[in-house]
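Undergrad: My structure is in query36.csv, and what it holds is CSV, C-alpha atoms and all ligand atoms:
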chain,number,residue,atom,x,y,z
A,10,MET,CA,25.3,-0.9,-27.7
A,11,LEU,CA,24.3,-4.1,-25.9
A,12,ASN,CA,21.4,-6.0,-27.3
A,13,ALA,CA,20.0,-9.4,-26.9
A,14,ALA,CA,21.8,-10.8,-30.0
A,15,SER,CA,25.1,-9.8,-28.5
A,16,LEU,CA,24.3,-11.5,-25.2
A,17,TYR,CA,23.5,-15.0,-26.2
A,18,ASP,CA,27.2,-16.2,-25.9
A,19,ARG,CA,27.0,-15.5,-22.1
A,20,VAL,CA,24.2,-18.1,-21.6
A,21,ARG,CA,24.7,-20.4,-24.5
A,22,ARG,CA,25.6,-23.3,-22.1
A,23,ALA,CA,22.5,-22.7,-19.9
A,24,VAL,CA,19.7,-21.7,-22.4
A,25,PRO,CA,18.9,-23.7,-25.5
A,26,PRO,CA,18.3,-21.6,-28.7
A,27,ILE,CA,14.6,-22.4,-28.8
A,28,GLU,CA,14.1,-21.0,-25.3
A,29,TRP,CA,16.4,-18.0,-26.1
A,30,ALA,CA,14.1,-17.0,-29.0
A,31,THR,CA,11.3,-16.4,-26.4
A,32,PHE,CA,13.5,-14.1,-24.3
A,33,VAL,CA,14.9,-11.8,-27.0
A,34,ASP,CA,12.1,-9.3,-27.2
A,35,ASP,CA,11.9,-8.8,-23.4
A,36,ILE,CA,15.7,-8.5,-23.1
A,37,ASP,CA,15.9,-5.8,-25.8
A,38,ALA,CA,12.9,-3.9,-24.2
A,39,ILE,CA,14.5,-4.1,-20.7
A,40,LEU,CA,17.9,-2.8,-21.9
A,41,ALA,CA,16.1,0.1,-23.5
A,42,LEU,CA,13.9,0.8,-20.5
A,43,LYS,CA,16.9,0.8,-18.2
A,44,ARG,CA,18.4,3.6,-20.2
A,45,GLU,CA,15.2,5.5,-20.5
A,46,ARG,CA,14.4,5.4,-16.8
A,47,ASN,CA,18.0,5.5,-15.5
A,48,ALA,CA,17.4,2.2,-13.7
A,49,VAL,CA,19.6,-0.6,-12.5
A,50,ILE,CA,18.7,-4.2,-11.9
A,51,LEU,CA,20.0,-6.0,-8.8
A,52,ALA,CA,19.7,-9.7,-9.1
A,53,HIS,CA,20.2,-12.4,-6.5
A,54,ASN,CA,22.3,-15.5,-7.3
A,55,TYR,CA,19.1,-17.6,-7.5
A,56,GLN,CA,17.7,-15.7,-10.5
A,57,THR,CA,17.5,-17.6,-13.8
A,58,PRO,CA,20.5,-17.3,-16.2
A,59,GLU,CA,18.7,-15.0,-18.7
A,60,ILE,CA,18.1,-12.5,-15.9
A,61,PHE,CA,21.3,-13.0,-14.0
A,62,HIS,CA,23.7,-12.8,-17.0
A,63,CYS,CA,21.7,-10.7,-19.6
A,64,VAL,CA,19.8,-7.9,-17.8
A,65,ALA,CA,21.2,-7.6,-14.3
A,66,ASP,CA,23.7,-4.8,-13.5
A,67,ILE,CA,24.7,-6.1,-10.1
A,68,VAL,CA,24.5,-9.7,-8.9
A,69,GLY,CA,25.4,-11.4,-5.6
A,70,ASP,CA,24.3,-12.8,-2.3
A,71,SER,CA,22.0,-10.9,0.1
A,72,LEU,CA,25.0,-9.2,1.7
A,73,ALA,CA,26.5,-8.0,-1.6
A,74,LEU,CA,23.1,-6.8,-2.8
A,75,ALA,CA,22.6,-4.8,0.4
A,76,ARG,CA,26.1,-3.2,0.3
A,77,LYS,CA,25.8,-2.3,-3.4
A,78,ALA,CA,22.2,-1.0,-3.1
A,79,MET,CA,23.6,1.6,-0.7
A,80,THR,CA,25.8,3.2,-3.4
A,81,VAL,CA,23.4,3.0,-6.4
A,82,GLU,CA,23.2,6.4,-8.1
A,83,ALA,CA,20.6,5.6,-10.7
A,84,ASP,CA,17.0,6.8,-10.1
A,85,VAL,CA,15.4,3.4,-10.0
A,86,ILE,CA,16.4,0.0,-8.5
A,87,VAL,CA,14.6,-3.1,-9.8
A,88,LEU,CA,15.2,-5.9,-7.3
A,89,ALA,CA,15.2,-9.3,-9.1
A,90,GLY,CA,14.9,-11.3,-5.9
A,91,VAL,CA,12.5,-11.5,-3.0
A,92,HIS,CA,10.6,-8.9,-1.1
A,93,PHE,CA,12.9,-8.6,1.9
A,94,MET,CA,15.8,-7.9,-0.4
A,95,ALA,CA,13.8,-5.0,-2.0
A,96,GLU,CA,13.0,-3.7,1.4
A,97,THR,CA,16.6,-3.8,2.4
A,98,ALA,CA,17.6,-1.8,-0.7
A,99,LYS,CA,14.9,0.8,0.1
A,100,LEU,CA,16.1,1.1,3.7
A,101,LEU,CA,19.7,1.7,2.6
A,102,ASN,CA,18.9,4.0,-0.3
A,103,PRO,CA,15.6,5.6,0.6
A,104,GLY,CA,15.7,8.4,-2.0
A,105,LYS,CA,15.5,5.9,-4.9
A,106,THR,CA,12.4,4.3,-6.4
A,107,VAL,CA,12.7,0.5,-5.6
A,108,LEU,CA,10.6,-1.8,-7.6
A,109,ILE,CA,9.8,-5.5,-7.0
A,110,PRO,CA,8.4,-7.1,-10.2
A,111,ASP,CA,6.1,-9.5,-8.2
A,112,LEU,CA,4.7,-8.7,-4.8
A,113,GLY,CA,4.2,-12.4,-4.1
A,114,ALA,CA,8.0,-13.0,-4.1
A,115,GLY,CA,8.2,-13.7,-0.4
A,116,CYS,CA,10.2,-16.1,1.7
A,117,SER,CA,9.3,-18.9,4.2
A,118,LEU,CA,11.8,-17.6,6.7
A,119,ALA,CA,10.4,-14.0,6.6
A,120,ASP,CA,6.9,-15.5,7.0
A,121,SER,CA,7.9,-17.5,10.0
A,122,ILE,CA,8.1,-14.6,12.5
A,123,THR,CA,6.3,-11.3,13.3
A,124,ALA,CA,7.4,-8.2,15.1
A,125,GLN,CA,5.2,-9.2,18.0
A,126,ASP,CA,7.1,-12.6,18.3
A,127,VAL,CA,10.4,-10.6,18.5
A,128,ARG,CA,9.0,-8.4,21.3
A,129,LEU,CA,8.0,-11.5,23.2
A,130,MET,CA,11.4,-13.1,22.8
A,131,ARG,CA,13.0,-9.9,24.2
A,132,GLU,CA,10.6,-10.0,27.2
A,133,HIS,CA,11.5,-13.7,27.8
A,134,HIS,CA,15.3,-13.1,27.6
A,135,PRO,CA,15.9,-9.6,29.0
A,136,GLY,CA,19.3,-8.1,28.1
A,137,VAL,CA,20.1,-10.7,25.5
A,138,PRO,CA,20.9,-9.1,22.1
A,139,ILE,CA,18.7,-10.0,19.2
A,140,ILE,CA,20.2,-10.8,15.8
A,141,THR,CA,17.7,-11.1,12.9
A,142,TYR,CA,18.6,-12.7,9.6
A,143,VAL,CA,18.0,-10.3,6.7
A,144,ASN,CA,15.4,-12.8,5.5
A,145,THR,CA,12.8,-11.0,7.6
A,146,SER,CA,10.4,-8.1,7.1
A,147,ALA,CA,11.4,-4.5,8.0
A,148,ALA,CA,9.0,-4.6,10.9
A,149,VAL,CA,10.9,-7.6,12.4
A,150,LYS,CA,14.3,-6.0,11.7
A,151,ALA,CA,13.1,-2.9,13.5
A,152,GLN,CA,12.6,-4.9,16.8
A,153,SER,CA,16.1,-6.3,16.6
A,154,ASP,CA,19.6,-5.0,17.7
A,155,ILE,CA,21.4,-6.0,14.6
A,156,CYS,CA,20.9,-8.0,11.3
A,157,CYS,CA,23.1,-10.8,9.8
A,158,THR,CA,23.2,-12.7,6.5
A,159,SER,CA,24.5,-16.2,5.9
A,160,GLY,CA,27.8,-14.5,4.8
A,161,ASN,CA,28.5,-12.7,8.0
A,162,ALA,CA,26.5,-14.4,10.8
A,163,LEU,CA,29.5,-15.7,12.7
A,164,ALA,CA,31.2,-12.3,12.5
A,165,VAL,CA,28.1,-10.6,13.8
A,166,VAL,CA,27.7,-13.0,16.7
A,167,LYS,CA,31.4,-12.5,17.7
A,168,SER,CA,31.2,-8.8,17.3
A,169,LEU,CA,28.7,-8.5,20.1
A,170,GLY,CA,31.2,-9.9,22.7
A,171,VAL,CA,28.5,-11.5,24.9
A,172,PRO,CA,28.0,-15.1,26.1
A,173,ARG,CA,24.4,-15.4,24.8
A,174,VAL,CA,22.5,-14.1,21.8
A,175,ILE,CA,19.2,-14.7,20.2
A,176,MET,CA,19.3,-15.4,16.4
A,177,LEU,CA,16.0,-15.3,14.5
A,178,PRO,CA,14.2,-16.8,12.7
A,179,ASP,CA,16.3,-19.6,10.9
A,180,GLU,CA,16.8,-22.5,13.4
A,181,TYR,CA,19.3,-24.2,11.1
A,182,LEU,CA,21.4,-21.2,10.4
A,183,ALA,CA,21.5,-20.5,14.2
A,184,ARG,CA,22.6,-24.1,14.9
A,185,ASN,CA,25.2,-24.1,12.2
A,186,ILE,CA,26.7,-20.9,13.6
A,187,ALA,CA,26.5,-22.3,17.2
A,188,ALA,CA,28.7,-25.2,16.0
A,189,GLN,CA,31.4,-22.7,15.3
A,190,THR,CA,31.4,-20.6,18.5
A,191,ASP,CA,31.2,-20.9,22.3
A,192,VAL,CA,28.5,-18.2,22.3
A,193,GLU,CA,25.2,-19.7,23.3
A,194,ILE,CA,22.6,-19.1,20.6
A,195,ILE,CA,18.9,-19.1,21.3
A,196,ALA,CA,17.0,-19.9,18.1
A,197,TRP,CA,13.5,-19.7,16.6
A,198,LYS,CA,11.8,-22.5,14.6
A,199,GLY,CA,11.8,-20.9,11.2
A,200,HIS,CA,13.1,-22.9,8.2
A,201,CYS,CA,13.8,-22.2,4.5
A,202,GLU,CA,11.4,-24.4,2.5
A,203,VAL,CA,14.0,-25.0,-0.1
A,204,HIS,CA,17.0,-25.9,2.1
A,205,GLU,CA,15.1,-27.9,4.7
A,206,ARG,CA,14.4,-30.6,2.1
A,207,PHE,CA,18.0,-31.7,1.6
A,208,SER,CA,19.1,-34.7,3.6
A,209,VAL,CA,22.2,-36.7,4.6
A,210,ALA,CA,20.9,-39.6,2.5
A,211,ASP,CA,20.8,-37.3,-0.6
A,212,ILE,CA,24.5,-36.5,-0.1
A,213,ARG,CA,25.5,-40.1,0.4
A,214,GLU,CA,23.6,-41.3,-2.6
A,215,LEU,CA,25.2,-38.5,-4.7
A,216,ARG,CA,28.7,-39.4,-3.5
A,217,GLU,CA,28.1,-43.0,-4.4
A,218,ALA,CA,26.8,-42.2,-7.9
A,219,HIS,CA,29.4,-39.5,-8.6
A,220,PRO,CA,32.8,-40.6,-7.3
A,221,GLY,CA,35.1,-37.7,-6.3
A,222,LEU,CA,32.2,-35.3,-5.8
A,223,THR,CA,32.7,-32.1,-3.8
A,224,VAL,CA,29.6,-31.1,-1.8
A,225,LEU,CA,28.8,-27.5,-1.0
A,226,ALA,CA,25.9,-26.6,1.2
A,227,HIS,CA,24.1,-23.4,2.2
A,228,PRO,CA,23.9,-22.8,6.0
A,229,GLU,CA,20.1,-22.8,5.8
A,230,CYS,CA,20.4,-26.6,5.3
A,231,PRO,CA,19.9,-28.8,8.4
A,232,PRO,CA,23.1,-29.1,10.6
A,233,GLU,CA,23.5,-32.8,9.8
A,234,VAL,CA,23.6,-31.9,6.0
A,235,VAL,CA,26.1,-29.2,6.6
A,236,ALA,CA,28.2,-31.6,8.6
A,237,GLU,CA,28.2,-34.1,5.8
A,238,ALA,CA,29.2,-31.5,3.2
A,239,ASP,CA,32.8,-30.5,2.3
A,240,PHE,CA,32.1,-26.8,2.6
A,241,ALA,CA,29.2,-24.6,3.8
A,242,GLY,CA,28.7,-20.9,3.0
A,243,SER,CA,26.5,-18.2,1.6
A,244,THR,CA,25.6,-18.3,-2.1
A,245,ALA,CA,28.6,-16.0,-2.8
A,246,ALA,CA,30.9,-18.1,-0.7
A,247,MET,CA,29.8,-21.2,-2.7
A,248,SER,CA,30.4,-19.4,-6.0
A,249,ASP,CA,33.9,-18.3,-4.8
A,250,TYR,CA,34.7,-21.8,-3.7
A,251,VAL,CA,34.1,-23.1,-7.2
A,252,GLY,CA,36.1,-20.3,-8.7
A,253,HIS,CA,39.1,-20.8,-6.4
A,254,HIS,CA,39.2,-24.6,-6.0
A,255,LYS,CA,37.8,-25.6,-9.5
A,256,PRO,CA,36.6,-29.0,-8.2
A,257,ALA,CA,36.3,-31.6,-11.0
A,258,ARG,CA,32.7,-32.5,-9.9
A,259,VAL,CA,30.6,-30.4,-7.6
A,260,VAL,CA,27.1,-30.4,-6.2
A,261,LEU,CA,25.5,-27.3,-4.6
A,262,MET,CA,22.9,-28.2,-2.0
A,263,THR,CA,20.9,-25.0,-2.7
A,264,GLU,CA,18.4,-23.4,-5.1
A,265,CYS,CA,18.6,-24.7,-8.7
A,266,SER,CA,19.6,-21.6,-10.6
A,267,MET,CA,22.8,-21.2,-8.6
A,268,SER,CA,24.4,-24.1,-10.5
A,269,ASP,CA,23.1,-22.9,-13.8
A,270,ASN,CA,24.6,-19.4,-13.3
A,271,ILE,CA,28.0,-20.6,-12.1
A,272,ALA,CA,28.3,-23.4,-14.6
A,273,VAL,CA,28.1,-20.8,-17.4
A,274,GLU,CA,31.4,-19.4,-16.1
A,275,HIS,CA,33.2,-22.7,-15.3
A,276,PRO,CA,32.9,-25.1,-18.3
A,277,GLU,CA,35.7,-27.1,-16.9
A,278,VAL,CA,33.7,-28.1,-13.7
A,279,GLU,CA,31.1,-30.8,-13.9
A,280,PHE,CA,27.9,-29.8,-12.0
A,281,VAL,CA,25.7,-32.5,-10.6
A,282,ARG,CA,22.3,-30.9,-10.3
A,283,PRO,CA,19.8,-32.3,-7.9
A,284,CYS,CA,18.2,-29.1,-6.7
A,285,ASN,CA,15.2,-27.5,-5.1
A,286,LEU,CA,13.4,-24.6,-6.7
A,287,CYS,CA,12.5,-21.5,-4.6
A,288,PRO,CA,9.0,-20.7,-5.8
A,289,HIS,CA,9.4,-17.1,-4.6
A,290,MET,CA,12.6,-16.4,-6.5
A,291,LYS,CA,11.0,-18.0,-9.5
A,292,ARG,CA,8.1,-15.5,-9.5
A,293,ILE,CA,10.6,-13.0,-11.1
A,294,THR,CA,10.7,-13.3,-14.9
A,295,LEU,CA,11.9,-11.2,-17.8
A,296,ALA,CA,8.3,-10.4,-18.6
A,297,ASN,CA,7.5,-8.9,-15.1
A,298,ILE,CA,10.8,-7.1,-14.9
A,299,ARG,CA,9.9,-5.4,-18.2
A,300,GLU,CA,6.4,-4.6,-16.9
A,301,ALA,CA,7.9,-3.3,-13.6
A,302,LEU,CA,9.9,-0.7,-15.6
A,303,GLU,CA,7.1,0.1,-18.0
A,304,LYS,CA,4.4,0.6,-15.4
A,305,ASN,CA,6.6,1.6,-12.4
A,306,ARG,CA,5.4,-1.2,-10.2
A,307,HIS,CA,5.5,-2.5,-7.6
A,308,VAL,CA,6.9,0.4,-5.7
A,309,VAL,CA,8.4,-0.7,-2.3
A,310,THR,CA,7.5,1.5,0.6
A,311,ILE,CA,8.4,1.1,4.3
A,312,ALA,CA,6.2,2.6,7.0
A,313,GLU,CA,8.0,5.5,8.7
A,314,GLU,CA,7.5,4.0,12.1
A,315,VAL,CA,9.6,0.9,11.3
A,316,ALA,CA,12.1,2.3,8.8
A,317,ALA,CA,14.4,4.0,11.2
A,318,GLY,CA,14.7,1.0,13.5
A,319,ALA,CA,15.2,-1.5,10.6
A,320,ARG,CA,17.8,0.8,9.0
A,321,ARG,CA,19.7,1.0,12.3
A,322,ALA,CA,19.9,-2.8,12.5
A,323,VAL,CA,21.0,-3.3,8.9
A,324,GLU,CA,23.6,-0.4,9.1
A,325,ARG,CA,25.0,-1.8,12.3
A,326,MET,CA,25.6,-5.1,10.5
A,327,LEU,CA,27.2,-3.4,7.5
A,328,ALA,CA,29.6,-1.5,9.8
A,329,ILE,CA,31.2,-4.8,10.9
A,401,LIG,P1,22.5,-15.7,0.5
A,401,LIG,O1,22.6,-14.5,1.4
A,401,LIG,O2,23.5,-16.7,0.9
A,401,LIG,O3,22.5,-15.3,-0.9
A,401,LIG,O4,21.1,-16.4,0.8
A,401,LIG,C1,19.9,-15.8,0.6
A,401,LIG,C2,18.8,-16.8,0.5
A,401,LIG,O5,17.6,-16.5,0.5
A,401,LIG,C3,19.2,-18.2,0.7
A,401,LIG,O6,18.1,-19.0,0.6
A,402,LIG,FE1,13.5,-17.7,1.4
A,402,LIG,FE2,14.5,-20.1,1.1
A,402,LIG,FE3,13.6,-18.9,-1.0
A,402,LIG,FE4,15.9,-18.1,0.2
A,402,LIG,S1,15.5,-20.0,-0.9
A,402,LIG,S2,14.2,-16.7,-0.5
A,402,LIG,S3,15.4,-18.5,2.3
A,402,LIG,S4,12.4,-19.5,0.8
Let me see whether you can do it: turn the structure in this file into structure tokens.
TA:
Amino acid sequence: MLNAASLYDRVRRAVPPIEWATFVDDIDAILALKRERNAVILAHNYQTPEIFHCVADIVGDSLALARKAMTVEADVIVLAGVHFMAETAKLLNPGKTVLIPDLGAGCSLADSITAQDVRLMREHHPGVPIITYVNTSAAVKAQSDICCTSGNALAVVKSLGVPRVIMLPDEYLARNIAAQTDVEIIAWKGHCEVHERFSVADIRELREAHPGLTVLAHPECPPEVVAEADFAGSTAAMSDYVGHHKPARVVLMTECSMSDNIAVEHPEVEFVRPCNLCPHMKRITLANIREALEKNRHVVTIAEEVAAGARRAVERMLAI
């Protein structure tokens, strides 16, 4: 049977022994609680290595977590990620108890727009389809025609077969996608507080300091940063890039834990790690995952009046 002692090898390269000693008790308790409660843990790629590699059952980017949430058969889903991810899991698998270990795990993009803003955009642009990024509340999704993630945004835009679309709320994602298509994209002014901080000067300095560096960027970065990178893609696409290309030296212009998690699996790749922390993702810890399972909290609920519309937008995306 899995226990903490048998798991240390997975994270040896990312977690020093002294730190590991503080995790053992919570990891053993969580493994036991998952069995007792028939629970699974879905963890986003930005979760810390001891969560990502030691207690999670399913890991991935927002798109993969949404797809996999749909087919979970366990009674309880603990979402080690941010609130919109937990809401998406609940929308797609409404019969399950979905728990988020900290209700404060939000997202600057989700906070940048309300359902009323989306209604106003529709009034200003009648007949133009509205695509909302999954990094939004269920109430915002419910006002939109279809959702997208960073992993499928271009495919979603193309699937609509129209000359103009509205893409909310991430301005940079919208502009990065607009650079790859003739479809006109009307954007909003939302930004990710983590990715907006990367600059072209950062990349140039890194390339000078680390010759031969391969630069990967998330499409929530400003367009000039994406243009300066060697590759841009979702967190899963960046992970796949490292797996397939095995660059000698790589930097991921994204949240810190991504590099830690991938580096564990690719000892042959040198990771340069200037990174920005997502304060929302970092609210999730082993201690509050344990507490979530022990105390059955915080249960994610979605108001009836928004659930059907939000589900329709997410399911339409997943059908592409
Ligand atoms: P991904 O869908 O690429 O995992 O991104 C989610 C996110 O919140 C990035 O900041
Ligand atoms: Fe939101 Fe940015 Fe954090 Fe992702 S990294 S959850 S987009 S604030």
Undergrad: Pick from A:Asp37, A:Glu277, A:Asp70, A:Asp84: nearest to ligand LIG 401 (chain A), with all atoms listed in the file counted?
TA: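 The answer is A:Asp70, which sits nearest to ligand LIG 401 (chain A).
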Undergrad: Using only C-alpha atoms and all ligand atoms, which residues have at least one atom no more than 8 Å from ligand LIG 402 (chain A)? Output them as a list in words.
TA: Tyr55, Gly90, Val91, Gly115, Cys116, Ser117, Leu118, Ala119, Asn144, His200, Cys201, Glu202, Val203, His204, Glu229, Thr263, Glu264, Leu286, Cys287, Pro288, His289 and Met290 of chain A
Undergrad: Expressed in Å to a single decimal, how great is the separation between atom CA of Ile39 of chain A and atom CA of Cys265 of chain A?
TA: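 Computing the Euclidean distance for atom CA of Ile39 of chain A and atom CA of Cys265 of chain A yields 24.2 Å.
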Undergrad: Residues up to 6 Å from ligand LIG 401 (chain A), counting only C-alpha atoms and all ligand atoms: could you list those as a ChimeraX atom specification?
TA: /A:70-72,158-159,243-244
Undergrad: Which neighbours of Leu295 of chain A fall inside 10 Å, counting only C-alpha atoms, when residues of the same chain fewer than 6 positions from it are skipped, and could you give them as number ranges by chain?
TA: A: 32-36, 38-39, 57, 59-60, 63-64, 89, 110, 301
Undergrad: Neighbours of Ala73 of chain A within 10 Å (all atoms listed in the file; same-chain residues fewer than 4 positions away dropped), as a PDB file with C-alpha atoms, in the frame of the given file?
TA:
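This went into out-v3.pdb:
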ATOM      1  CA  LEU A  51      20.000  -6.000  -8.800  1.00  0.00           C
ATOM      2  CA  HIS A  53      20.200 -12.400  -6.500  1.00  0.00           C
ATOM      3  CA  ILE A  67      24.700  -6.100 -10.100  1.00  0.00           C
ATOM      4  CA  VAL A  68      24.500  -9.700  -8.900  1.00  0.00           C
ATOM      5  CA  GLY A  69      25.400 -11.400  -5.600  1.00  0.00           C
ATOM      6  CA  LYS A  77      25.800  -2.300  -3.400  1.00  0.00           C
ATOM      7  CA  ALA A  78      22.200  -1.000  -3.100  1.00  0.00           C
ATOM      8  CA  THR A 158      23.200 -12.700   6.500  1.00  0.00           C
ATOM      9  CA  GLY A 160      27.800 -14.500   4.800  1.00  0.00           C
ATOM     10  CA  ALA A 245      28.600 -16.000  -2.800  1.00  0.00           C
TER      11      ALA A 245
END
Undergrad: Env of Glu180 of chain A: 9 Å cut, atoms = all atoms listed in the file, seq-sep filter 3 positions within chain, self excluded. Answer as a list in words.
TA: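 Neighbouring residues, sequence-local ones excluded: Met176, Leu177, Ala183, Arg184, Asn185, Ile195, Ala196, Trp197, Lys198, Gly199, His200, Glu229 and Pro231 of chain A.
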Undergrad: Could you save those same residues with C-alpha atoms as a PDB file, keeping the file's coordinate frame?
TA:
ATOM      1  CA  MET A 176      19.300 -15.400  16.400  1.00  0.00           C
ATOM      2  CA  LEU A 177      16.000 -15.300  14.500  1.00  0.00           C
ATOM      3  CA  ALA A 183      21.500 -20.500  14.200  1.00  0.00           C
ATOM      4  CA  ARG A 184      22.600 -24.100  14.900  1.00  0.00           C
ATOM      5  CA  ASN A 185      25.200 -24.100  12.200  1.00  0.00           C
ATOM      6  CA  ILE A 195      18.900 -19.100  21.300  1.00  0.00           C
ATOM      7  CA  ALA A 196      17.000 -19.900  18.100  1.00  0.00           C
ATOM      8  CA  TRP A 197      13.500 -19.700  16.600  1.00  0.00           C
ATOM      9  CA  LYS A 198      11.800 -22.500  14.600  1.00  0.00           C
ATOM     10  CA  GLY A 199      11.800 -20.900  11.200  1.00  0.00           C
ATOM     11  CA  HIS A 200      13.100 -22.900   8.200  1.00  0.00           C
ATOM     12  CA  GLU A 229      20.100 -22.800   5.800  1.00  0.00           C
ATOM     13  CA  PRO A 231      19.900 -28.800   8.400  1.00  0.00           C
TER      14      PRO A 231
END
Undergrad: For Ile140 of chain A, please output as a PDB file with C-alpha atoms, in the frame of the given file all residues within 8 Å (counting only C-alpha atoms; exclusion window: fewer than 5 positions along the same chain).
TA:
ATOM      1  CA  SER A 153      16.100  -6.300  16.600  1.00  0.00           C
ATOM      2  CA  ASP A 154      19.600  -5.000  17.700  1.00  0.00           C
ATOM      3  CA  ILE A 155      21.400  -6.000  14.600  1.00  0.00           C
ATOM      4  CA  CYS A 156      20.900  -8.000  11.300  1.00  0.00           C
ATOM      5  CA  CYS A 157      23.100 -10.800   9.800  1.00  0.00           C
ATOM      6  CA  VAL A 166      27.700 -13.000  16.700  1.00  0.00           C
ATOM      7  CA  VAL A 174      22.500 -14.100  21.800  1.00  0.00           C
ATOM      8  CA  ILE A 175      19.200 -14.700  20.200  1.00  0.00           C
ATOM      9  CA  MET A 176      19.300 -15.400  16.400  1.00  0.00           C
ATOM     10  CA  LEU A 177      16.000 -15.300  14.500  1.00  0.00           C
TER      11      LEU A 177
END
